[in-house]
file run.tsv (TSV, C-alpha atoms)
chain	number	residue	atom	x	y	z
A	1	MET	CA	-29.76	1.04	10.81
A	2	ARG	CA	-27.12	-1.00	12.67
A	3	GLN	CA	-24.60	1.74	13.22
A	4	GLY	CA	-24.15	1.99	16.98
A	5	LEU	CA	-23.00	5.40	18.14
A	6	PHE	CA	-21.48	6.45	14.82
A	7	SER	CA	-22.85	6.85	11.33
A	8	PRO	CA	-20.69	5.14	8.67
A	9	ARG	CA	-19.31	8.42	7.35
A	10	LYS	CA	-18.49	9.65	10.84
A	11	LEU	CA	-16.81	6.33	11.55
A	12	VAL	CA	-14.63	6.72	8.46
A	13	ARG	CA	-13.84	10.32	9.43
A	14	ARG	CA	-12.91	9.05	12.89
A	15	PHE	CA	-10.23	6.99	11.17
A	16	THR	CA	-9.35	9.74	8.70
A	17	PRO	CA	-9.74	13.25	10.10
A	18	GLY	CA	-10.09	15.74	7.28
A	19	PHE	CA	-10.81	12.81	4.94
A	20	ARG	CA	-12.22	14.78	2.05
A	21	THR	CA	-10.70	18.16	2.64
A	22	GLY	CA	-8.64	19.59	-0.16
A	23	SER	CA	-6.06	21.27	2.06
A	24	PRO	CA	-4.48	20.72	5.46
A	25	ALA	CA	-6.06	22.17	8.55
A	26	ALA	CA	-4.92	25.56	9.75
A	27	GLY	CA	-1.58	25.39	11.54
A	28	ALA	CA	-0.81	21.88	10.28
A	29	ALA	CA	2.30	20.98	8.35
A	30	ARG	CA	1.64	20.92	4.63
A	31	PRO	CA	2.97	18.21	2.32
A	32	SER	CA	5.77	19.69	0.29
A	33	HIS	CA	8.50	18.61	-2.09
A	34	PRO	CA	11.84	19.81	-0.70
A	35	GLN	CA	14.72	20.10	-3.13
A	36	ARG	CA	16.32	16.77	-2.32
A	37	THR	CA	18.15	14.24	-4.42
A	38	PRO	CA	16.29	11.03	-5.34
A	39	VAL	CA	16.61	8.05	-3.03
A	40	LYS	CA	19.70	5.95	-3.68
A	41	THR	CA	19.76	2.23	-3.02
A	42	GLY	CA	22.22	2.57	-0.15
A	43	ASP	CA	20.39	5.39	1.60
A	44	THR	CA	19.01	4.78	5.07
A	45	LEU	CA	15.50	6.25	5.13
A	46	GLY	CA	14.91	5.72	8.83
A	47	ARG	CA	15.77	3.76	11.97
A	48	ILE	CA	14.01	2.58	15.09
A	49	GLY	CA	16.35	0.66	17.38
A	50	SER	CA	17.81	-2.27	15.45
A	51	LEU	CA	15.38	-1.81	12.55
A	52	GLU	CA	16.39	0.12	9.44
A	53	VAL	CA	14.29	1.03	6.40
A	54	ARG	CA	16.02	1.48	3.03
A	55	LEU	CA	15.90	0.37	-0.58
A	56	ALA	CA	17.31	-2.98	-1.68
A	57	ARG	CA	20.97	-2.55	-2.59
A	58	ASN	CA	21.36	-5.40	-5.05
A	59	PHE	CA	19.60	-8.34	-6.67
A	60	LYS	CA	20.52	-10.61	-3.77
A	61	GLU	CA	18.42	-8.44	-1.45
A	62	VAL	CA	15.57	-8.40	-3.97
A	63	ARG	CA	15.69	-12.22	-3.96
A	64	LYS	CA	15.42	-12.18	-0.16
A	65	ALA	CA	12.41	-9.87	-0.41
A	66	GLN	CA	10.86	-12.28	-2.91
A	67	ARG	CA	11.48	-15.14	-0.47
A	68	LEU	CA	9.79	-13.16	2.29
A	69	ARG	CA	6.82	-12.55	-0.01
A	70	TYR	CA	6.65	-16.28	-0.75
A	71	ASP	CA	6.67	-17.17	2.94
A	72	VAL	CA	3.82	-14.74	3.66
A	73	PHE	CA	1.68	-15.05	0.52
A	74	TYR	CA	2.07	-18.77	-0.23
A	75	GLU	CA	3.08	-20.47	3.02
A	76	GLU	CA	1.05	-18.43	5.47
A	77	MET	CA	-1.80	-17.17	3.31
A	78	SER	CA	-3.69	-18.85	0.47
A	79	ALA	CA	-1.87	-17.94	-2.74
A	80	ILE	CA	-1.59	-20.78	-5.27
A	81	ALA	CA	1.94	-21.39	-6.47
A	82	ASP	CA	2.84	-22.54	-9.99
A	83	ALA	CA	5.69	-24.97	-10.61
A	84	HIS	CA	8.32	-22.24	-10.95
A	85	THR	CA	7.26	-20.53	-7.73
A	86	LEU	CA	7.29	-23.84	-5.85
A	87	ALA	CA	10.74	-24.67	-7.18
A	88	THR	CA	12.31	-21.32	-6.35
A	89	ARG	CA	10.25	-20.61	-3.23
A	90	ARG	CA	10.14	-16.97	-4.27
A	91	ASP	CA	7.23	-14.73	-5.26
A	92	THR	CA	8.34	-13.15	-8.54
A	93	ASP	CA	7.00	-11.38	-11.59
A	94	PRO	CA	8.57	-9.31	-14.42
A	95	PHE	CA	7.90	-6.02	-12.58
A	96	ASP	CA	10.47	-6.91	-9.92
A	97	ALA	CA	13.31	-6.22	-12.36
A	98	TYR	CA	12.68	-2.47	-12.56
A	99	CYS	CA	10.78	-1.61	-9.37
A	100	ASP	CA	12.41	-0.20	-6.26
A	101	HIS	CA	12.12	-2.56	-3.29
A	102	LEU	CA	11.69	-0.92	0.10
A	103	LEU	CA	13.05	-3.10	2.92
A	104	VAL	CA	12.93	-3.18	6.69
A	105	VAL	CA	16.00	-5.02	7.97
A	106	ASP	CA	16.68	-6.09	11.55
A	107	HIS	CA	20.34	-5.66	12.48
A	108	ALA	CA	19.74	-7.65	15.67
A	109	SER	CA	18.63	-10.74	13.74
A	110	LEU	CA	21.52	-12.04	11.65
A	111	LYS	CA	21.20	-14.86	9.11
A	112	ARG	CA	24.02	-16.71	7.36
A	113	ASN	CA	24.08	-16.44	3.58
A	114	LYS	CA	25.41	-19.12	1.23
A	115	LEU	CA	28.94	-17.88	1.79
A	116	GLY	CA	28.56	-18.25	5.54
A	117	ARG	CA	28.50	-14.50	6.18
A	118	LEU	CA	26.08	-13.05	8.68
A	119	LYS	CA	23.62	-10.57	7.20
A	120	PRO	CA	20.72	-8.63	8.81
A	121	GLU	CA	17.36	-10.31	8.25
A	122	ILE	CA	14.84	-8.70	5.91
A	123	VAL	CA	11.55	-8.60	7.83
A	124	GLY	CA	9.34	-6.30	5.75
A	125	THR	CA	9.04	-5.11	2.18
A	126	TYR	CA	7.03	-2.87	-0.16
A	127	ARG	CA	7.40	-2.66	-3.93
A	128	LEU	CA	7.52	0.86	-5.42
A	129	LEU	CA	7.02	1.73	-9.09
A	130	ARG	CA	7.33	5.33	-10.26
A	131	GLN	CA	5.38	6.49	-13.29
A	132	GLU	CA	8.42	7.43	-15.35
A	133	VAL	CA	9.85	3.94	-14.80
A	134	ALA	CA	6.52	2.26	-15.59
A	135	ASP	CA	6.28	4.27	-18.82
A	136	GLN	CA	9.66	2.90	-19.94
A	137	HIS	CA	8.60	-0.71	-19.42
A	138	SER	CA	5.24	-2.49	-19.20
A	139	GLY	CA	3.21	0.14	-17.37
A	140	PHE	CA	1.79	-0.33	-13.90
A	141	TYR	CA	1.01	-3.75	-12.41
A	142	THR	CA	-2.32	-2.36	-11.20
A	143	ALA	CA	-3.42	-1.76	-14.81
A	144	GLY	CA	-4.16	-5.48	-15.09
A	145	GLU	CA	-7.06	-4.99	-12.66
A	146	PHE	CA	-8.05	-1.31	-12.86
A	147	ASP	CA	-8.26	1.20	-15.70
A	148	ILE	CA	-5.76	3.57	-14.12
A	149	GLN	CA	-4.37	4.91	-17.41
A	150	LYS	CA	-7.36	7.24	-17.79
A	151	LEU	CA	-6.55	8.80	-14.42
A	152	VAL	CA	-2.86	9.16	-15.32
A	153	ASP	CA	-3.72	10.71	-18.69
A	154	ALA	CA	-6.15	13.15	-17.06
A	155	ASN	CA	-3.39	14.39	-14.73
A	156	PRO	CA	-0.34	14.98	-16.94
A	157	ASP	CA	1.13	17.42	-14.41
A	158	LYS	CA	1.20	14.85	-11.60
A	159	ARG	CA	3.67	12.13	-10.73
A	160	PHE	CA	2.17	8.77	-9.77
A	161	LEU	CA	3.71	6.08	-7.56
A	162	GLU	CA	2.37	2.53	-7.40
A	163	LEU	CA	2.61	0.68	-4.08
A	164	GLY	CA	2.37	-3.10	-4.03
A	165	ARG	CA	3.54	-6.49	-2.76
A	166	SER	CA	3.45	-5.31	0.84
A	167	CYS	CA	4.23	-7.87	3.52
A	168	VAL	CA	5.86	-8.16	6.94
A	169	LEU	CA	7.18	-11.26	8.68
A	170	LYS	CA	4.66	-12.36	11.30
A	171	PRO	CA	6.73	-11.68	14.47
A	172	TYR	CA	7.33	-8.13	13.22
A	173	ARG	CA	3.73	-7.18	12.53
A	174	ASN	CA	3.67	-4.41	15.07
A	175	LYS	CA	3.45	-0.65	15.22
A	176	LYS	CA	7.22	-0.15	15.04
A	177	THR	CA	7.73	-2.05	11.77
A	178	VAL	CA	4.67	-0.60	10.06
A	179	GLU	CA	5.61	2.94	11.07
A	180	LEU	CA	9.10	2.44	9.69
A	181	LEU	CA	7.73	1.20	6.35
A	182	TRP	CA	5.47	4.24	6.09
A	183	HIS	CA	8.32	6.52	7.09
A	184	GLY	CA	10.32	5.05	4.21
A	185	ILE	CA	7.46	5.58	1.77
A	186	TRP	CA	6.99	9.18	2.92
A	187	SER	CA	10.73	9.86	2.48
A	188	TYR	CA	10.56	8.34	-1.00
A	189	VAL	CA	7.49	10.43	-1.89
A	190	LEU	CA	9.23	13.64	-0.87
A	191	ARG	CA	12.50	12.92	-2.59
A	192	HIS	CA	10.90	11.87	-5.87
A	193	LYS	CA	8.25	14.62	-5.70
A	194	ILE	CA	5.36	12.18	-5.97
A	195	ASP	CA	1.84	13.64	-6.25
A	196	VAL	CA	-0.41	10.54	-6.18
A	197	LEU	CA	-0.08	7.10	-4.57
A	198	LEU	CA	-2.07	4.19	-5.95
A	199	GLY	CA	-2.16	0.42	-5.81
A	200	CYS	CA	-4.24	-2.63	-5.03
A	201	ALA	CA	-5.14	-3.61	-1.49
A	202	SER	CA	-6.36	-7.13	-0.84
A	203	ILE	CA	-9.16	-8.57	1.27
A	204	ALA	CA	-8.83	-12.30	1.96
A	205	GLY	CA	-11.45	-14.37	0.15
A	206	THR	CA	-12.76	-14.76	-3.39
A	207	ASP	CA	-16.53	-14.80	-2.78
A	208	PRO	CA	-17.84	-11.22	-3.08
A	209	ASP	CA	-21.11	-12.18	-1.38
A	210	THR	CA	-19.22	-13.30	1.71
A	211	LEU	CA	-17.40	-9.95	1.67
A	212	ALA	CA	-20.55	-7.98	0.88
A	213	GLU	CA	-20.62	-5.89	4.05
A	214	ARG	CA	-16.97	-4.86	3.81
A	215	LEU	CA	-17.18	-4.02	0.10
A	216	SER	CA	-20.45	-2.12	0.58
A	217	PHE	CA	-18.98	-0.15	3.48
A	218	LEU	CA	-16.08	0.97	1.30
A	219	HIS	CA	-18.40	1.80	-1.58
A	220	HIS	CA	-20.75	3.95	0.50
A	221	ASN	CA	-18.15	5.69	2.65
A	222	ALA	CA	-14.79	5.84	0.87
A	223	ARG	CA	-15.48	5.78	-2.87
A	224	ALA	CA	-13.36	8.26	-4.79
A	225	PRO	CA	-14.94	11.51	-5.99
A	226	GLU	CA	-15.55	11.65	-9.73
A	227	GLU	CA	-12.26	13.37	-10.56
A	228	TRP	CA	-10.28	10.55	-8.89
A	229	ARG	CA	-12.55	7.63	-9.67
A	230	VAL	CA	-11.15	4.61	-11.49
A	231	ARG	CA	-13.14	1.52	-12.48
A	232	ALA	CA	-12.05	-2.09	-12.43
A	233	VAL	CA	-11.39	-3.39	-15.95
A	234	PRO	CA	-14.69	-4.53	-17.56
A	235	ASP	CA	-13.98	-8.27	-17.77
A	236	ARG	CA	-12.98	-8.43	-14.07
A	237	TYR	CA	-15.35	-5.88	-12.56
A	238	VAL	CA	-17.08	-6.98	-9.32
A	239	GLU	CA	-19.84	-4.75	-7.96
A	240	MET	CA	-19.00	-3.38	-4.50
A	241	ASN	CA	-22.45	-1.90	-3.86
A	242	ARG	CA	-23.90	-5.18	-2.63
A	243	MET	CA	-25.91	-3.91	0.36
A	244	PRO	CA	-27.86	-0.69	0.94
A	245	ALA	CA	-26.04	1.79	3.16
A	246	ASP	CA	-28.57	1.53	5.97
A	247	ALA	CA	-28.12	-2.26	6.14
A	248	VAL	CA	-24.35	-2.10	6.70
A	249	ASP	CA	-23.05	-2.49	10.23
A	250	ALA	CA	-20.29	0.09	9.88
A	251	ARG	CA	-18.41	-0.89	13.02
A	252	ALA	CA	-18.36	-4.58	12.11
A	253	ALA	CA	-17.37	-3.87	8.52
A	254	LEU	CA	-14.51	-1.59	9.50
A	255	ARG	CA	-13.32	-4.03	12.15
A	256	ALA	CA	-13.26	-6.85	9.58
A	257	LEU	CA	-11.18	-4.95	7.03
A	258	PRO	CA	-7.48	-5.91	6.80
A	259	PRO	CA	-5.06	-3.67	8.72
A	260	LEU	CA	-3.51	-2.47	5.46
A	261	VAL	CA	-6.87	-1.22	4.12
A	262	LYS	CA	-7.63	0.50	7.43
A	263	GLY	CA	-4.18	2.02	7.33
A	264	TYR	CA	-4.85	3.47	3.89
A	265	LEU	CA	-8.15	4.91	5.12
A	266	ARG	CA	-6.31	6.60	7.97
A	267	LEU	CA	-4.01	8.20	5.42
A	268	GLY	CA	-6.98	9.69	3.58
A	269	ALA	CA	-7.28	7.17	0.74
A	270	PHE	CA	-10.07	6.97	-1.80
A	271	ILE	CA	-11.39	3.62	-3.03
A	272	GLY	CA	-11.92	2.89	-6.73
A	273	ASP	CA	-15.13	1.78	-8.42
A	274	GLY	CA	-15.51	-1.98	-8.38
A	275	ALA	CA	-13.37	-4.78	-6.99
A	276	VAL	CA	-11.42	-7.58	-8.68
A	277	VAL	CA	-11.17	-11.22	-7.61
A	278	ASP	CA	-7.62	-12.56	-7.72
A	279	GLN	CA	-7.92	-16.34	-7.76
A	280	GLN	CA	-4.16	-16.93	-7.64
A	281	PHE	CA	-3.73	-15.05	-4.38
A	282	GLY	CA	-7.13	-15.98	-2.93
A	283	THR	CA	-8.14	-12.35	-2.47
A	284	THR	CA	-10.56	-9.67	-3.59
A	285	ASP	CA	-8.71	-6.50	-4.52
A	286	VAL	CA	-9.80	-2.87	-4.22
A	287	LEU	CA	-8.02	0.12	-5.70
A	288	ILE	CA	-6.42	2.62	-3.35
A	289	ILE	CA	-5.87	6.21	-4.53
A	290	VAL	CA	-4.12	8.76	-2.30
A	291	PRO	CA	-3.45	12.25	-3.69
A	292	VAL	CA	-0.62	13.71	-1.60
A	293	THR	CA	-2.61	16.93	-1.12
A	294	HIS	CA	-5.35	14.84	0.56
A	295	LEU	CA	-3.03	13.10	3.01
A	296	ASN	CA	-4.27	13.12	6.57
A	297	THR	CA	-2.49	16.03	8.27
A	298	ARG	CA	-1.90	13.89	11.36
A	299	TYR	CA	0.19	11.56	9.19
A	300	VAL	CA	2.22	14.44	7.76
A	301	ASN	CA	2.74	16.02	11.18
A	302	TYR	CA	3.64	12.70	12.78
A	303	TYR	CA	6.38	11.75	10.32
A	304	GLY	CA	7.38	15.33	9.63
A	305	ALA	CA	6.94	17.44	6.52
A	306	ASP	CA	10.59	16.60	5.77
A	307	ALA	CA	10.35	12.95	6.94
A	308	SER	CA	12.56	13.66	9.92
A	309	ARG	CA	10.84	11.64	12.68
A	310	TYR	CA	12.94	8.49	12.23
A	311	GLY	CA	15.68	10.09	10.16
A	312	ALA	CA	19.01	8.36	10.36
call {"tool": "encode", "arguments": {"input": "run.tsv", "output": "structure tokens"}}
result
Amino acid sequence: MRQGLFSPRKLVRRFTPGFRTGSPAAGAARPSHPQRTPVKTGDTLGRIGSLEVRLARNFKEVRKAQRLRYDVFYEEMSAIADAHTLATRRDTDPFDAYCDHLLVVDHASLKRNKLGRLKPEIVGTYRLLRQEVADQHSGFYTAGEFDIQKLVDANPDKRFLELGRSCVLKPYRNKKTVELLWHGIWSYVLRHKIDVLLGCASIAGTDPDTLAERLSFLHHNARAPEEWRVRAVPDRYVEMNRMPADAVDARAALRALPPLVKGYLRLGAFIGDGAVVDQQFGTTDVLIIVPVTHLNTRYVNYYGADASRYGA
């Protein structure tokens, strides 16, 4: 076994203390749903210095978020643009019209708009889709890759929130920006009384054999328990169990995972059954499932049970 000083499960637990516990540790703050009004588009959800996290206020800001996504996904990474995407230089899909768009804006970096007015630059974004909104439209985006409806139907008393289209402008990929994004998500979760977070997380590359160690590590050490397990849709299912557990170099596999996936593991995320290759974006996607009751207590304590750490 090539595991160094830590077994794979201990290594995962090192990233996610209390990973599979059903309740917070004694003395820790417990996730709760205070009686608060839902997030409004103009609300400030947090601040660190010149950076502010809030929801997009209008379609113009959504367009700027789409442009940021284009710059990251298509210009910097390996997504393949169709003619419309190339012409508009925006990453768009029909879900954008009814999702909430979480933004990090930098008030110290001003950009002129078409009218010549200076506006704070949008440097990070996350797309949020609540279950009740998805039910009124075309469902969840994730349903195109994973059979999440069975999980939703099996938990009629729970409110689901889909996270997606996460990206941050390269100069801002630091602890401060990421923490502010997660502070915004936590505020949103509390205000909308969300019970379960889910969404796709991407690993660069479309050859599962090249990604075998990373996928196998997730399969052996972070796969969801039966009651939370969701499979990739049959015609897109890619087996994640590609190497025996004792052949996986846990340290190397964890180190090679994208920061977003490692961040989800730190939160206490479960991984779905099977991966999906996304040829358009040049990635292999795994399903992330985070019941709020399973959130890492360090995360809850850090941001505050009432999301007060970076409160404006």
call {"tool": "residues_around", "arguments": {"input": "run.tsv", "residues": "range 46-57 of chain A", "least_positions_apart": "6", "cutoff": "8 Å", "atoms": "all atoms listed in the file", "output": "list in words"}}
result
Lys40, Asp100, His101, Leu102, Leu103, Val104, Val105, Asp106, His107, Ala108, Lys176, Thr177, Leu180, Leu181, His183, Gly184, Tyr310, Gly311 and Ala312 of chain A
call {"tool": "residues_around", "arguments": {"input": "run.tsv", "residues": "Arg67 in chain A", "least_positions_apart": "6", "cutoff": "9 Å", "atoms": "only C-alpha atoms", "output": "list in words"}}
result
Thr88, Arg89, Arg90, Asp91 and Thr92 of chain A
call {"tool": "residues_around", "arguments": {"input": "run.tsv", "residues": "Arg231 in chain A", "least_positions_apart": "4", "cutoff": "12 Å", "atoms": "all atoms listed in the file", "output": "list of chain:residue names"}}
result
A:Thr142, A:Ala143, A:Gly144, A:Glu145, A:Phe146, A:Asp147, A:Ile148, A:Gln149, A:Lys150, A:Leu151, A:Arg223, A:Ala224, A:Glu226, A:Asp235, A:Arg236, A:Tyr237, A:Val238, A:Glu239, A:Met240, A:Ile271, A:Gly272, A:Asp273, A:Gly274, A:Ala275, A:Val276, A:Val286, A:Leu287, A:Ile288, A:Ile289
call {"tool": "residues_around", "arguments": {"input": "run.tsv", "residues": "Ile80 in chain A", "least_positions_apart": "5", "cutoff": "8 Å", "atoms": "only C-alpha atoms", "output": "list in words"}}
result
Tyr74, Gln280, Phe281 and Gly282 of chain A
call {"tool": "atom_distance", "arguments": {"input": "run.tsv", "atom1": "CA of Val277 in chain A", "atom2": "CA of Leu128 in chain A"}}
result
22.4 Å
call {"tool": "residues_around", "arguments": {"input": "run.tsv", "residues": "Trp186 in chain A", "least_positions_apart": "6", "cutoff": "12 Å", "atoms": "only C-alpha atoms", "output": "PyMOL selection string"}}
result
chain A and resi 31-33+39+45-46+53-54+102+128+161+163+179-180+192-197+267+292+295+299-311
call {"tool": "write_last_selection", "arguments": {"input": "run.tsv", "atoms": "C-alpha atoms", "output": "compact mmCIF listing (two decimals), in the frame of the given file"}}
result
# COMPACT_ATOMS: atom_id res chain seq x y z
CA PRO A 31 2.97 18.21 2.32
CA SER A 32 5.77 19.69 0.29
CA HIS A 33 8.50 18.61 -2.09
CA VAL A 39 16.61 8.05 -3.03
CA LEU A 45 15.50 6.25 5.13
CA GLY A 46 14.91 5.72 8.83
CA VAL A 53 14.29 1.03 6.40
CA ARG A 54 16.02 1.48 3.03
CA LEU A 102 11.69 -0.92 0.10
CA LEU A 128 7.52 0.86 -5.42
CA LEU A 161 3.71 6.08 -7.56
CA LEU A 163 2.61 0.68 -4.08
CA GLU A 179 5.61 2.94 11.07
CA LEU A 180 9.10 2.44 9.69
CA HIS A 192 10.90 11.87 -5.87
CA LYS A 193 8.25 14.62 -5.70
CA ILE A 194 5.36 12.18 -5.97
CA ASP A 195 1.84 13.64 -6.25
CA VAL A 196 -0.41 10.54 -6.18
CA LEU A 197 -0.08 7.10 -4.57
CA LEU A 267 -4.01 8.20 5.42
CA VAL A 292 -0.62 13.71 -1.60
CA LEU A 295 -3.03 13.10 3.01
CA TYR A 299 0.19 11.56 9.19
CA VAL A 300 2.22 14.44 7.76
CA ASN A 301 2.74 16.02 11.18
CA TYR A 302 3.64 12.70 12.78
CA TYR A 303 6.38 11.75 10.32
CA GLY A 304 7.38 15.33 9.63
CA ALA A 305 6.94 17.44 6.52
CA ASP A 306 10.59 16.60 5.77
CA ALA A 307 10.35 12.95 6.94
CA SER A 308 12.56 13.66 9.92
CA ARG A 309 10.84 11.64 12.68
CA TYR A 310 12.94 8.49 12.23
CA GLY A 311 15.68 10.09 10.16
call {"tool": "closest_residue", "arguments": {"input": "run.tsv", "among": "A:Leu115, A:Ser109, A:Asp96, A:Glu75", "to": "Tyr141 in chain A", "atoms": "only C-alpha atoms"}}
result
A:Asp96
